[in-house]
>>> print(open('structure.cif').read())   # mmCIF, C-alpha atoms
data_input
#
loop_
_atom_site.label_atom_id
_atom_site.label_comp_id
_atom_site.auth_asym_id
_atom_site.auth_seq_id
_atom_site.Cartn_x
_atom_site.Cartn_y
_atom_site.Cartn_z
CA MET Y 241 1.87 34.10 2.22
CA SER Y 242 0.76 31.32 4.53
CA TYR Y 243 -1.24 29.84 1.66
CA MET Y 244 1.98 29.58 -0.29
CA LYS Y 245 3.51 27.71 2.63
CA GLU Y 246 0.67 25.15 2.71
CA PHE Y 247 1.38 24.50 -0.95
CA THR Y 248 5.17 24.25 -0.87
CA LYS Y 249 5.59 22.23 2.32
CA GLY Y 250 4.39 19.02 0.69
CA ILE Y 251 6.83 19.19 -2.19
CA ILE Y 252 10.12 18.99 -0.31
CA LYS Y 253 10.00 19.71 3.40
CA GLU Y 254 7.20 17.31 4.26
CA ASN Y 255 7.34 15.21 1.12
CA PRO Y 256 4.81 12.47 1.80
CA ASN Y 257 6.89 9.49 0.77
CA MET Y 258 10.51 10.59 0.98
CA VAL Y 259 10.24 12.37 4.33
CA MET Y 260 7.03 11.17 5.96
CA LEU Y 261 7.43 7.62 4.59
CA LEU Y 262 3.79 7.15 3.65
CA GLY Y 263 2.24 5.48 0.62
CA MET Y 264 5.01 2.99 0.01
CA CYS Y 265 2.97 0.49 -2.00
CA PRO Y 266 2.32 2.61 -5.13
CA THR Y 267 5.77 4.17 -4.88
CA LEU Y 268 7.30 0.74 -5.30
CA ALA Y 269 4.77 -0.96 -7.51
CA VAL Y 270 4.13 1.35 -10.46
CA THR Y 271 7.57 2.90 -10.83
CA THR Y 272 9.05 0.45 -13.31
CA MET Y 273 8.63 3.24 -15.88
CA ALA Y 274 8.79 7.00 -15.35
CA VAL Y 275 5.60 7.59 -17.33
CA ASN Y 276 3.65 5.20 -15.09
CA GLY Y 277 4.97 7.06 -12.07
CA LEU Y 278 3.82 10.35 -13.58
CA GLY Y 279 0.34 8.98 -14.38
CA MET Y 280 -0.06 7.45 -10.95
CA GLY Y 281 1.20 10.63 -9.27
CA LEU Y 282 -1.17 12.90 -11.16
CA SER Y 283 -4.16 10.60 -10.59
CA THR Y 284 -3.38 10.54 -6.88
CA THR Y 285 -2.97 14.34 -6.85
CA PHE Y 286 -6.39 14.78 -8.43
CA VAL Y 287 -8.03 12.46 -5.90
CA LEU Y 288 -6.15 14.12 -3.05
CA VAL Y 289 -7.21 17.66 -4.00
CA CYS Y 290 -10.86 16.69 -4.57
CA SER Y 291 -11.16 14.63 -1.40
CA ASN Y 292 -9.46 17.33 0.68
CA VAL Y 293 -11.90 19.95 -0.65
CA VAL Y 294 -14.99 17.79 -0.10
CA ILE Y 295 -13.92 16.63 3.35
CA SER Y 296 -13.13 20.16 4.51
CA LEU Y 297 -16.56 21.23 3.23
CA ILE Y 298 -18.46 18.51 5.07
CA LYS Y 299 -16.22 18.22 8.13
CA LYS Y 300 -18.90 19.60 10.46
CA LEU Y 301 -21.52 17.11 9.25
CA ILE Y 302 -19.51 13.96 9.93
CA PRO Y 303 -19.81 12.43 13.42
CA SER Y 304 -16.30 11.76 14.62
CA ALA Y 305 -16.99 8.11 15.49
CA VAL Y 306 -17.64 7.15 11.87
CA ARG Y 307 -15.34 9.66 10.19
CA LEU Y 308 -12.90 7.14 8.72
CA PRO Y 309 -15.53 5.17 6.78
CA CYS Y 310 -16.98 8.50 5.58
CA TYR Y 311 -13.60 9.69 4.34
CA ILE Y 312 -12.96 6.36 2.63
CA VAL Y 313 -16.28 6.54 0.77
CA VAL Y 314 -15.54 10.08 -0.46
CA ILE Y 315 -12.08 9.00 -1.58
CA ALA Y 316 -13.34 5.81 -3.24
CA GLY Y 317 -15.88 7.87 -5.17
CA PHE Y 318 -13.19 10.08 -6.67
CA VAL Y 319 -10.98 7.07 -7.38
CA THR Y 320 -13.80 5.45 -9.34
CA PHE Y 321 -14.24 8.71 -11.28
CA VAL Y 322 -10.53 8.88 -12.12
CA SER Y 323 -10.32 5.26 -13.20
CA LEU Y 324 -13.38 5.60 -15.47
CA MET Y 325 -11.85 8.74 -17.01
CA LEU Y 326 -8.50 7.08 -17.60
CA GLN Y 327 -10.18 4.00 -19.05
CA ALA Y 328 -11.99 6.23 -21.53
CA PHE Y 329 -9.24 8.68 -22.50
CA ILE Y 330 -5.84 7.09 -21.72
CA PRO Y 331 -6.51 3.33 -21.95
CA ALA Y 332 -2.77 2.48 -22.18
CA LEU Y 333 -2.07 4.08 -18.80
CA TYR Y 334 -5.22 2.50 -17.38
CA SER Y 335 -4.06 -0.99 -18.25
CA SER Y 336 -0.47 -0.48 -17.10
CA LEU Y 337 -1.52 0.89 -13.69
CA GLY Y 338 -4.12 -1.86 -13.37
CA MET Y 339 -5.19 -2.73 -9.89
CA PHE Y 340 -3.13 0.04 -8.30
CA LEU Y 341 -5.50 2.61 -9.71
CA SER Y 342 -8.29 1.21 -7.52
CA LEU Y 343 -5.86 0.92 -4.66
CA ILE Y 344 -5.43 4.72 -4.56
CA THR Y 345 -8.46 4.39 -2.24
CA VAL Y 346 -6.34 2.89 0.51
CA ASN Y 347 -3.29 5.07 -0.11
CA CYS Y 348 -2.44 6.24 3.39
CA ILE Y 349 -1.32 9.67 2.12
CA ILE Y 350 -4.87 10.57 1.11
CA LEU Y 351 -6.52 9.30 4.27
CA GLY Y 352 -3.71 10.82 6.31
CA ARG Y 353 -4.21 14.29 4.80
CA ALA Y 354 -7.97 14.02 5.28
CA GLU Y 355 -7.51 13.13 8.92
CA MET Y 356 -4.65 15.46 9.76
CA PHE Y 357 -5.34 18.50 7.60
CA ALA Y 358 -8.63 18.71 5.71
CA SER Y 359 -10.76 17.85 8.73
CA LYS Y 360 -9.28 20.78 10.66
CA ASN Y 361 -8.83 23.47 8.01
CA LYS Y 362 -10.80 25.63 5.58
CA VAL Y 363 -11.37 24.76 1.95
CA LEU Y 364 -8.65 26.80 0.24
CA PRO Y 365 -5.74 25.75 2.49
CA SER Y 366 -6.95 22.13 2.22
CA ALA Y 367 -6.95 22.29 -1.57
CA LEU Y 368 -3.45 23.80 -1.60
CA ASP Y 369 -2.23 21.26 0.91
CA GLY Y 370 -3.60 18.46 -1.27
CA LEU Y 371 -2.03 19.93 -4.39
CA GLY Y 372 1.37 20.33 -2.75
CA MET Y 373 1.36 16.86 -1.20
CA GLY Y 374 0.19 15.35 -4.49
CA LEU Y 375 2.94 17.07 -6.45
CA GLY Y 376 5.51 15.96 -3.87
CA PHE Y 377 4.24 12.40 -4.29
CA THR Y 378 4.40 12.75 -8.09
CA LEU Y 379 7.95 14.09 -7.84
CA THR Y 380 9.10 11.03 -5.89
CA LEU Y 381 7.33 8.62 -8.23
CA VAL Y 382 8.88 10.22 -11.31
CA LEU Y 383 12.30 10.28 -9.65
CA VAL Y 384 12.20 6.62 -8.61
CA GLY Y 385 10.59 5.67 -11.93
CA SER Y 386 13.28 7.52 -13.90
CA ILE Y 387 16.12 5.84 -12.03
CA ARG Y 388 14.58 2.41 -12.46
CA GLU Y 389 13.75 2.93 -16.12
CA ILE Y 390 17.13 4.42 -17.06
CA PHE Y 391 19.14 1.68 -15.34
CA GLY Y 392 16.73 -1.18 -15.88
CA ALA Y 393 15.69 -0.59 -19.47
CA GLY Y 394 18.14 2.04 -20.72
CA GLN Y 395 15.24 4.34 -21.55
CA TRP Y 396 13.64 7.46 -20.13
CA PHE Y 397 9.97 8.13 -20.89
CA GLY Y 398 10.37 5.56 -23.67
CA ILE Y 399 13.37 7.30 -25.30
CA THR Y 400 16.62 5.35 -25.34
CA VAL Y 401 19.19 7.27 -23.30
CA MET Y 402 21.82 4.72 -22.35
CA PRO Y 403 24.47 3.76 -24.94
CA GLU Y 404 23.90 0.26 -26.28
CA VAL Y 405 27.28 -0.86 -24.99
CA LEU Y 406 25.84 -0.85 -21.48
CA GLU Y 407 23.61 -3.81 -20.91
CA PRO Y 408 20.39 -2.75 -19.10
CA MET Y 409 20.31 -4.13 -15.56
CA THR Y 410 17.00 -5.95 -15.39
CA LEU Y 411 17.36 -6.08 -11.62
CA PHE Y 412 16.14 -2.49 -11.40
CA ILE Y 413 12.84 -3.38 -13.06
CA LEU Y 414 12.33 -6.33 -10.72
CA PRO Y 415 10.60 -5.79 -7.33
CA ALA Y 416 13.96 -6.04 -5.57
CA GLY Y 417 15.20 -3.04 -7.54
CA GLY Y 418 12.20 -1.00 -6.43
CA PHE Y 419 12.98 -1.53 -2.76
CA PHE Y 420 16.64 -0.76 -3.35
CA VAL Y 421 16.16 2.45 -5.37
CA LEU Y 422 13.62 3.85 -2.92
CA GLY Y 423 15.95 3.03 -0.02
CA ALA Y 424 18.83 4.78 -1.77
CA VAL Y 425 16.69 7.84 -2.62
CA ILE Y 426 15.53 8.19 0.99
CA ALA Y 427 19.11 7.79 2.22
CA ILE Y 428 20.28 10.60 -0.10
CA VAL Y 429 17.41 12.86 0.99
CA ASN Y 430 18.23 12.15 4.63
CA ARG Y 431 21.86 13.00 3.99
CA ILE Y 432 21.11 16.25 2.17
CA MET Y 433 18.45 17.43 4.59
CA LYS Y 434 20.36 16.19 7.62
CA LYS Y 435 17.28 14.39 8.88
CA LYS Y 436 17.45 12.19 11.89
CA PRO Y 437 17.03 8.58 10.79
CA ARG Y 438 13.38 7.57 10.74
CA GLU Y 439 11.82 4.18 10.63
CA ILE Y 440 8.77 3.41 8.56
CA SER Y 441 6.12 3.29 11.20
CA CYS Y 442 2.54 3.89 12.05
CA GLN Y 443 3.06 7.31 13.56
CA ASN Y 444 1.73 9.10 10.51
CA CYS Y 445 -0.89 6.48 9.85
CA PRO Y 446 -4.45 7.79 10.20
CA ASN Y 447 -5.32 4.77 12.28
CA ALA Y 448 -2.50 5.27 14.75
CA GLY Y 449 -4.96 6.56 17.35
CA ASN Y 450 -6.79 3.24 17.35
CA CYS Y 451 -3.75 1.04 17.16
CA TYR Y 452 -2.10 -0.32 20.26
CA SER Y 453 0.04 -3.03 18.74
CA GLY Y 454 3.46 -3.47 20.23
CA GLY Y 455 5.21 -2.56 17.01
CA CYS Y 456 3.47 0.77 16.65
CA MET Y 457 3.92 1.84 20.21
CA GLN Y 458 7.59 1.05 20.08
CA ASN Y 459 8.02 2.97 16.86
CA GLN Y 460 6.23 5.94 18.26
CA GLU Y 461 8.60 6.06 21.20
CA ASN Y 462 11.74 5.70 19.09
CA GLY Y 463 10.95 7.46 15.86
CA GLY Y 464 9.78 10.88 14.91
CA ASN Y 465 11.58 14.17 14.83
CA GLU Y 466 8.75 16.62 14.48
CA MET D 47 -8.43 -34.47 -8.64
CA GLU D 48 -8.30 -31.71 -11.21
CA LEU D 49 -9.90 -29.38 -8.66
CA ALA D 50 -7.42 -30.26 -5.91
CA ARG D 51 -4.49 -29.77 -8.29
CA ASN D 52 -5.85 -26.42 -9.39
CA LEU D 53 -6.32 -25.25 -5.79
CA CYS D 54 -2.81 -26.39 -4.86
CA ILE D 55 -1.40 -24.36 -7.76
CA ILE D 56 -3.30 -21.25 -6.63
CA LEU D 57 -2.19 -21.73 -3.03
CA LEU D 58 1.49 -22.26 -3.77
CA THR D 59 1.56 -19.45 -6.33
CA GLY D 60 0.15 -17.09 -3.71
CA ILE D 61 2.70 -18.11 -1.10
CA LEU D 62 5.87 -18.41 -3.16
CA THR D 63 6.01 -17.07 -6.69
CA GLU D 64 3.47 -14.26 -6.54
CA ASN D 65 4.19 -13.29 -2.97
CA PHE D 66 1.97 -10.35 -2.10
CA VAL D 67 4.55 -8.27 -0.32
CA LEU D 68 7.73 -9.09 -2.16
CA SER D 69 6.57 -9.31 -5.74
CA LYS D 70 3.23 -7.50 -5.87
CA PHE D 71 4.02 -4.69 -3.42
CA LEU D 72 0.77 -4.98 -1.51
CA GLY D 73 0.71 -4.34 2.21
CA ILE D 74 4.14 -2.74 2.36
CA CYS D 75 3.23 -0.43 5.25
CA PRO D 76 2.48 -3.19 7.80
CA PHE D 77 5.29 -5.29 6.34
CA LEU D 78 7.83 -2.59 7.13
CA GLY D 79 6.05 -1.05 10.12
CA VAL D 80 5.20 -4.05 12.28
CA SER D 81 7.94 -6.49 11.34
CA ASN D 82 10.38 -5.30 14.00
CA LYS D 83 9.28 -8.04 16.38
CA PHE D 84 8.65 -11.71 15.79
CA SER D 85 5.48 -11.88 17.88
CA SER D 86 3.86 -8.85 16.29
CA SER D 87 4.69 -10.21 12.81
CA LEU D 88 2.95 -13.45 13.69
CA GLY D 89 -0.12 -11.66 15.04
CA MET D 90 -0.37 -9.26 12.13
CA GLY D 91 0.09 -12.08 9.62
CA ALA D 92 -2.62 -14.19 11.24
CA ALA D 93 -5.03 -11.25 11.44
CA VAL D 94 -4.45 -10.31 7.79
CA THR D 95 -4.92 -13.91 6.63
CA PHE D 96 -8.17 -14.19 8.56
CA VAL D 97 -9.58 -10.88 7.31
CA MET D 98 -8.52 -11.60 3.72
CA MET D 99 -10.33 -14.95 3.69
CA CYS D 100 -13.46 -13.45 5.20
CA ALA D 101 -13.35 -10.46 2.86
CA SER D 102 -13.14 -12.79 -0.15
CA LEU D 103 -16.09 -14.78 1.19
CA VAL D 104 -18.17 -11.64 1.67
CA THR D 105 -17.29 -9.69 -1.47
CA TYR D 106 -17.86 -12.60 -3.86
CA PRO D 107 -21.68 -12.74 -3.37
CA ILE D 108 -21.83 -8.94 -3.32
CA TYR D 109 -20.13 -8.64 -6.69
CA TYR D 110 -21.86 -11.49 -8.50
CA GLY D 111 -25.19 -11.24 -6.67
CA LEU D 112 -25.65 -7.50 -6.45
CA LEU D 113 -23.30 -5.45 -8.64
CA VAL D 114 -23.40 -7.62 -11.78
CA PRO D 115 -27.22 -8.02 -11.97
CA LEU D 116 -27.62 -4.26 -11.44
CA GLY D 117 -24.97 -3.53 -14.08
CA ILE D 118 -22.87 -1.36 -11.77
CA GLU D 119 -19.62 -3.36 -11.73
CA TYR D 120 -17.65 -0.11 -11.78
CA MET D 121 -18.81 0.53 -8.21
CA ASN D 122 -16.71 -2.41 -6.98
CA THR D 123 -14.01 -0.30 -5.28
CA ILE D 124 -16.53 1.67 -3.22
CA ALA D 125 -18.61 -1.37 -2.36
CA PHE D 126 -15.63 -3.52 -1.40
CA ILE D 127 -13.89 -0.95 0.79
CA LEU D 128 -17.13 -0.25 2.64
CA VAL D 129 -17.74 -3.95 3.17
CA ILE D 130 -14.18 -4.46 4.39
CA ALA D 131 -14.36 -1.48 6.76
CA VAL D 132 -17.68 -2.64 8.22
CA PHE D 133 -16.52 -6.22 8.37
CA VAL D 134 -13.34 -5.41 10.26
CA GLN D 135 -15.37 -3.49 12.84
CA LEU D 136 -17.76 -6.43 13.15
CA VAL D 137 -14.96 -8.95 13.61
CA GLU D 138 -13.44 -6.73 16.26
CA MET D 139 -16.71 -6.51 18.20
CA VAL D 140 -17.47 -10.23 17.91
CA LEU D 141 -13.98 -11.23 19.00
CA LYS D 142 -14.09 -8.80 21.91
CA LYS D 143 -17.38 -10.15 23.18
CA TYR D 144 -17.13 -13.89 22.56
CA ILE D 145 -13.47 -14.87 22.19
CA PRO D 146 -11.48 -12.48 24.43
CA PRO D 147 -8.17 -14.45 24.28
CA LEU D 148 -8.16 -14.26 20.48
CA TYR D 149 -9.11 -10.60 20.64
CA LYS D 150 -6.18 -9.97 22.93
CA SER D 151 -3.72 -11.46 20.47
CA LEU D 152 -5.26 -10.34 17.14
CA GLY D 153 -7.52 -7.43 18.03
CA VAL D 154 -4.81 -4.83 18.22
CA TYR D 155 -3.98 -5.32 14.56
CA LEU D 156 -7.53 -5.11 13.25
CA PRO D 157 -7.92 -1.30 12.92
CA LEU D 158 -4.75 -1.23 10.84
CA ILE D 159 -6.15 -3.74 8.41
CA THR D 160 -8.98 -1.58 7.08
CA THR D 161 -6.54 0.57 5.17
CA ASN D 162 -4.24 -2.29 4.28
CA CYS D 163 -4.07 -2.42 0.51
CA ALA D 164 -3.43 -6.17 0.58
CA VAL D 165 -7.01 -6.86 1.68
CA LEU D 166 -8.67 -4.69 -0.96
CA GLY D 167 -6.03 -5.94 -3.39
CA VAL D 168 -6.86 -9.61 -2.93
CA THR D 169 -10.59 -9.05 -3.44
CA LEU D 170 -9.94 -7.09 -6.65
CA LEU D 171 -7.47 -9.70 -7.80
CA ASN D 172 -10.06 -12.44 -7.34
CA LEU D 173 -12.21 -10.54 -9.81
CA THR D 174 -9.55 -9.97 -12.46
CA GLU D 175 -8.45 -13.61 -12.26
CA GLU D 176 -12.12 -14.67 -12.45
CA TYR D 177 -11.81 -17.13 -9.58
CA ASP D 178 -14.94 -18.86 -8.28
CA LEU D 179 -15.84 -18.75 -4.58
CA LEU D 180 -13.64 -21.67 -3.49
CA GLU D 181 -10.69 -20.52 -5.58
CA SER D 182 -11.08 -16.98 -4.18
CA VAL D 183 -10.90 -18.21 -0.61
CA VAL D 184 -7.92 -20.45 -1.34
CA ASN D 185 -6.20 -17.61 -3.17
CA SER D 186 -6.66 -15.24 -0.23
CA PHE D 187 -5.48 -17.95 2.18
CA GLY D 188 -2.32 -18.37 0.11
CA ALA D 189 -1.83 -14.62 -0.12
CA GLY D 190 -2.23 -14.27 3.65
CA LEU D 191 0.20 -17.11 4.36
CA GLY D 192 2.69 -15.58 1.94
CA PHE D 193 2.31 -12.24 3.70
CA MET D 194 2.89 -13.89 7.07
CA MET D 195 5.91 -15.81 5.83
CA ALA D 196 7.50 -12.70 4.34
CA MET D 197 6.92 -10.83 7.60
CA LEU D 198 8.41 -13.60 9.73
CA ILE D 199 11.49 -13.91 7.54
CA PHE D 200 11.91 -10.17 7.56
CA ALA D 201 11.49 -9.95 11.33
CA GLY D 202 14.48 -12.28 11.61
CA VAL D 203 16.51 -10.15 9.22
CA ARG D 204 15.68 -7.00 11.14
CA GLY D 205 16.67 -8.62 14.41
CA ARG D 206 20.16 -9.02 12.96
CA LEU D 207 20.14 -5.52 11.46
CA ALA D 208 19.44 -3.99 14.84
CA GLU D 209 22.80 -5.22 16.09
CA CYS D 210 24.80 -3.88 13.14
CA ASP D 211 26.75 -0.67 12.85
CA ILE D 212 25.01 1.06 9.95
CA PRO D 213 26.25 4.22 8.16
CA LYS D 214 24.40 7.23 9.51
CA ALA D 215 22.55 8.23 6.35
CA LEU D 216 21.28 4.68 5.87
CA ARG D 217 19.87 4.24 9.37
CA GLY D 218 16.14 3.76 9.74
CA ALA D 219 14.02 3.43 6.63
CA PRO D 220 16.76 3.21 3.92
CA ILE D 221 18.50 0.15 5.34
CA THR D 222 15.15 -1.49 6.02
CA LEU D 223 14.16 -1.02 2.38
CA MET D 224 17.51 -2.32 1.16
CA ALA D 225 17.20 -5.39 3.35
CA ALA D 226 13.71 -5.92 1.94
CA SER D 227 15.24 -5.69 -1.52
CA ILE D 228 17.59 -8.57 -0.77
CA VAL D 229 14.80 -10.69 0.76
CA SER D 230 12.74 -9.99 -2.35
CA LEU D 231 15.68 -11.05 -4.51
CA ALA D 232 15.73 -14.37 -2.68
CA PHE D 233 12.07 -14.90 -3.52
CA ILE D 234 12.81 -14.56 -7.25
CA GLY D 235 14.49 -17.93 -6.82
CA PHE D 236 11.05 -19.51 -6.42
CA GLY D 237 10.13 -18.57 -10.01
CA GLY D 238 8.98 -21.62 -11.92
CA VAL D 239 8.81 -23.83 -8.82
CA VAL D 240 5.04 -24.26 -8.97
CA GLU D 241 5.02 -25.03 -12.69
CA ASN D 242 7.69 -27.65 -12.19
CA ILE D 243 5.93 -29.38 -9.30
CA PHE D 244 2.63 -29.70 -11.10
CA GLY D 245 3.91 -29.81 -14.67
CA ALA D 246 1.48 -27.04 -15.60
#
>>> encode(input="structure.cif", output="structure tokens")
Amino acid sequence: MSYMKEFTKGIIKENPNMVMLLGMCPTLAVTTMAVNGLGMGLSTTFVLVCSNVVISLIKKLIPSAVRLPCYIVVIAGFVTFVSLMLQAFIPALYSSLGMFLSLITVNCIILGRAEMFASKNKVLPSALDGLGMGLGFTLTLVLVGSIREIFGAGQWFGITVMPEVLEPMTLFILPAGGFFVLGAVIAIVNRIMKKKPREISCQNCPNAGNCYSGGCMQNQENGGNE
Amino acid sequence: MELARNLCIILLTGILTENFVLSKFLGICPFLGVSNKFSSSLGMGAAVTFVMMCASLVTYPIYYGLLVPLGIEYMNTIAFILVIAVFVQLVEMVLKKYIPPLYKSLGVYLPLITTNCAVLGVTLLNLTEEYDLLESVVNSFGAGLGFMMAMLIFAGVRGRLAECDIPKALRGAPITLMAASIVSLAFIGFGGVVENIFGA
């Protein structure tokens, strides 16, 4: 049963971007269309599962002083694999995700899970944790992408859904719309789950241990409800 | 003259129209995480600008001198992130040993920068835009300045937000994101500015 819990926690309760507020860059950047959000989410899920498995396998071999560079190299390897695969089999998605496909490497969700979960747990729980977190991430991306695509272009997964009388609001496709929709989605989730307000901060960041900047310390004192 | 004009276009585009944070969504985490104080925004911005310029300087010869001749261009993500990680460590050690005052003001932000997607982003962008070495450095300088400017503006906005009475559900991250949305909207106003100045 506990395996089931590792899997489900990432989807809603500890959703990496709606609740833990990690990985904001891809959440905002690729969600102009729902299908891009889905592609990005699934690519990230694949990398997350693979890197979690590999890191939990080799966790005893890595000296703790150089663990972050080691994790990053493992992650970058899988990212390269995914981007070559997409380039070969789904070139349309490859070109619309563009640079953000390579930037999965520095997605703080992946490094965060490696640091907080995979480096302390066995292989199977790590894989389930990665799968759950990845699906939670995908869920958010598709949600934000759907809202932006429906309001901004009047379409959903490329199918026209809004009546033509309503002019599409281009604002939602613009960067400003991305910030706004994500803010609104987080506000609704906070309201439904009765979460205490949380600031985006470094407390979940894998580098938080090394970081003494004033901003981070202050956030750590104020924020957090776990 | 042509060169100077070209470099000015790249610089201004990086700062205003193609602002890294507000129109390309790179480096959102530090933008939202560290921008609650003016001084930390300034420090973070300066550190990112510095590391971006150095990363562009270092990755350019690695890509064109090592990866291209060997025919392994697809390894660029792995190579670049390793170089950036090592380089950030090196900068930290050098600053600590030789320039302690600078380390005191910038050093605290350096570990955060390794996983900042803006740094890896700018080096990859230099490749896709096919900039030469000088253009790459100018581009990363512009990107860094744009990042710093966005952070400073946003630090001011957040200072005001802190004194407001905000609806409960919106407190914390949601209102911050919505404020960022409005700042980003303001930056749309810069569209076309660079083309008009230089008649490009």
>>> atom_distance(input="structure.cif", atom1="CA of Leu383 in chain Y", atom2="CA of Ala416 in chain Y")
16.9 Å
>>> residues_around(input="structure.cif", residues="range 387-402 of chain Y", least_positions_apart="2", cutoff="10 Å", atoms="all atoms listed in the file", output="list in words")
Thr271, Thr272, Met273, Ala274, Val275, Asn276, Leu278, Leu381, Val382, Leu383, Val384, Gly385, Glu404, Val405, Leu406, Glu407, Pro408, Met409, Thr410, Leu411, Phe412, Ile413, Leu414, Gly417, Gly418, Phe420, Val421, Leu422 and Val425 of chain Y
>>> closest_residue(input="structure.cif", among="Y:Met244, Y:Ala269, Y:Ala427, Y:Ile315", to="Thr284 in chain Y", atoms="all atoms listed in the file")
Y:Ile315
>>> resolve_selection(input="structure.cif", expression="the PyMOL selection byres ((chain Y and resi 323-325) around 9)", output="JSON, numbers by chain")
{"Y": [283, 318, 319, 320, 321, 322, 326, 327, 328, 329, 330, 334, 341, 342], "D": [120]}
>>> interface_residues(input="structure.cif", of="chain D", to="chain Y", cutoff="8 Å", atoms="only C-alpha atoms", output="ChimeraX atom specification")
/D:68-75,78-83,86,120-121,123-124,127-128,131,154-155,157-158,161-163,166-167,170-171,214-224,226-231
>>> resolve_selection(input="structure.cif", expression="the PyMOL selection byres ((chain Y and resi 359-375) around 10)", output="PyMOL selection string")
chain Y and resi 242-252+254-257+278+281-300+302+307+311+349-350+353-358+376-381
>>> atom_distance(input="structure.cif", atom1="CA of Phe133 in chain D", atom2="CA of Ile199 in chain D")
29.1 Å
>>> atom_distance(input="structure.cif", atom1="CA of Ile56 in chain D", atom2="CA of Asn185 in chain D")
5.8 Å
>>> resolve_selection(input="structure.cif", expression="the PyMOL selection byres ((chain D and resi 96-108) around 7)", output="list in words")
Ala92, Ala93, Val94, Thr95, Tyr109, Tyr110, Gly111, Leu112, Leu113, Phe126, Ile130, Val165, Thr169, Leu179, Ser182, Val183, Ser186, Phe187 and Gly190 of chain D
>>> closest_residue(input="structure.cif", among="D:Leu141, D:Met195, D:Pro76, D:Ala225", to="Leu207 in chain D", atoms="all atoms listed in the file")
D:Ala225
>>> closest_residue(input="structure.cif", among="D:Val67, D:Thr59, D:Phe77, D:Val203", to="Ile243 in chain D", atoms="only C-alpha atoms")
D:Thr59
>>> build_atoms(input="structure.cif", residues="range 174-178 of chain D", atoms="all heavy atoms", output="CSV table (one decimal), in the frame of the given file")
chain,number,residue,atom,x,y,z
D,174,THR,N,-10.3,-10.0,-11.2
D,174,THR,CA,-9.6,-10.0,-12.5
D,174,THR,C,-9.1,-11.4,-12.9
D,174,THR,O,-9.1,-11.7,-14.1
D,174,THR,CB,-8.3,-9.1,-12.4
D,174,THR,OG1,-7.6,-9.4,-11.2
D,174,THR,CG2,-8.7,-7.6,-12.4
D,175,GLU,N,-8.8,-12.2,-11.9
D,175,GLU,CA,-8.4,-13.6,-12.3
D,175,GLU,C,-9.7,-14.5,-12.5
D,175,GLU,O,-9.5,-15.7,-12.9
D,175,GLU,CB,-7.6,-14.2,-11.1
D,175,GLU,CG,-6.3,-13.5,-10.9
D,175,GLU,CD,-5.2,-13.8,-11.9
D,175,GLU,OE1,-5.2,-15.0,-12.4
D,175,GLU,OE2,-4.4,-13.0,-12.2
D,176,GLU,N,-10.9,-13.9,-12.3
D,176,GLU,CA,-12.1,-14.7,-12.4
D,176,GLU,C,-12.2,-16.0,-11.7
D,176,GLU,O,-12.6,-17.0,-12.2
D,176,GLU,CB,-12.4,-14.9,-13.9
D,176,GLU,CG,-12.7,-13.6,-14.6
D,176,GLU,CD,-12.9,-13.7,-16.1
D,176,GLU,OE1,-12.6,-14.8,-16.7
D,176,GLU,OE2,-13.3,-12.7,-16.7
D,177,TYR,N,-11.7,-16.0,-10.4
D,177,TYR,CA,-11.8,-17.1,-9.6
D,177,TYR,C,-13.3,-17.3,-9.1
D,177,TYR,O,-14.0,-16.4,-8.9
D,177,TYR,CB,-10.9,-17.0,-8.3
D,177,TYR,CG,-9.5,-17.0,-8.6
D,177,TYR,CD1,-8.6,-16.2,-7.9
D,177,TYR,CD2,-8.9,-17.9,-9.5
D,177,TYR,CE1,-7.2,-16.3,-8.1
D,177,TYR,CE2,-7.6,-18.0,-9.8
D,177,TYR,CZ,-6.7,-17.2,-9.1
D,177,TYR,OH,-5.4,-17.3,-9.3
D,178,ASP,N,-13.6,-18.6,-8.9
D,178,ASP,CA,-14.9,-18.9,-8.3
D,178,ASP,C,-14.8,-18.8,-6.8
D,178,ASP,O,-13.7,-18.5,-6.3
D,178,ASP,CB,-15.6,-20.2,-8.7
D,178,ASP,CG,-14.7,-21.4,-8.3
D,178,ASP,OD1,-14.0,-21.3,-7.3
D,178,ASP,OD2,-14.8,-22.4,-9.0
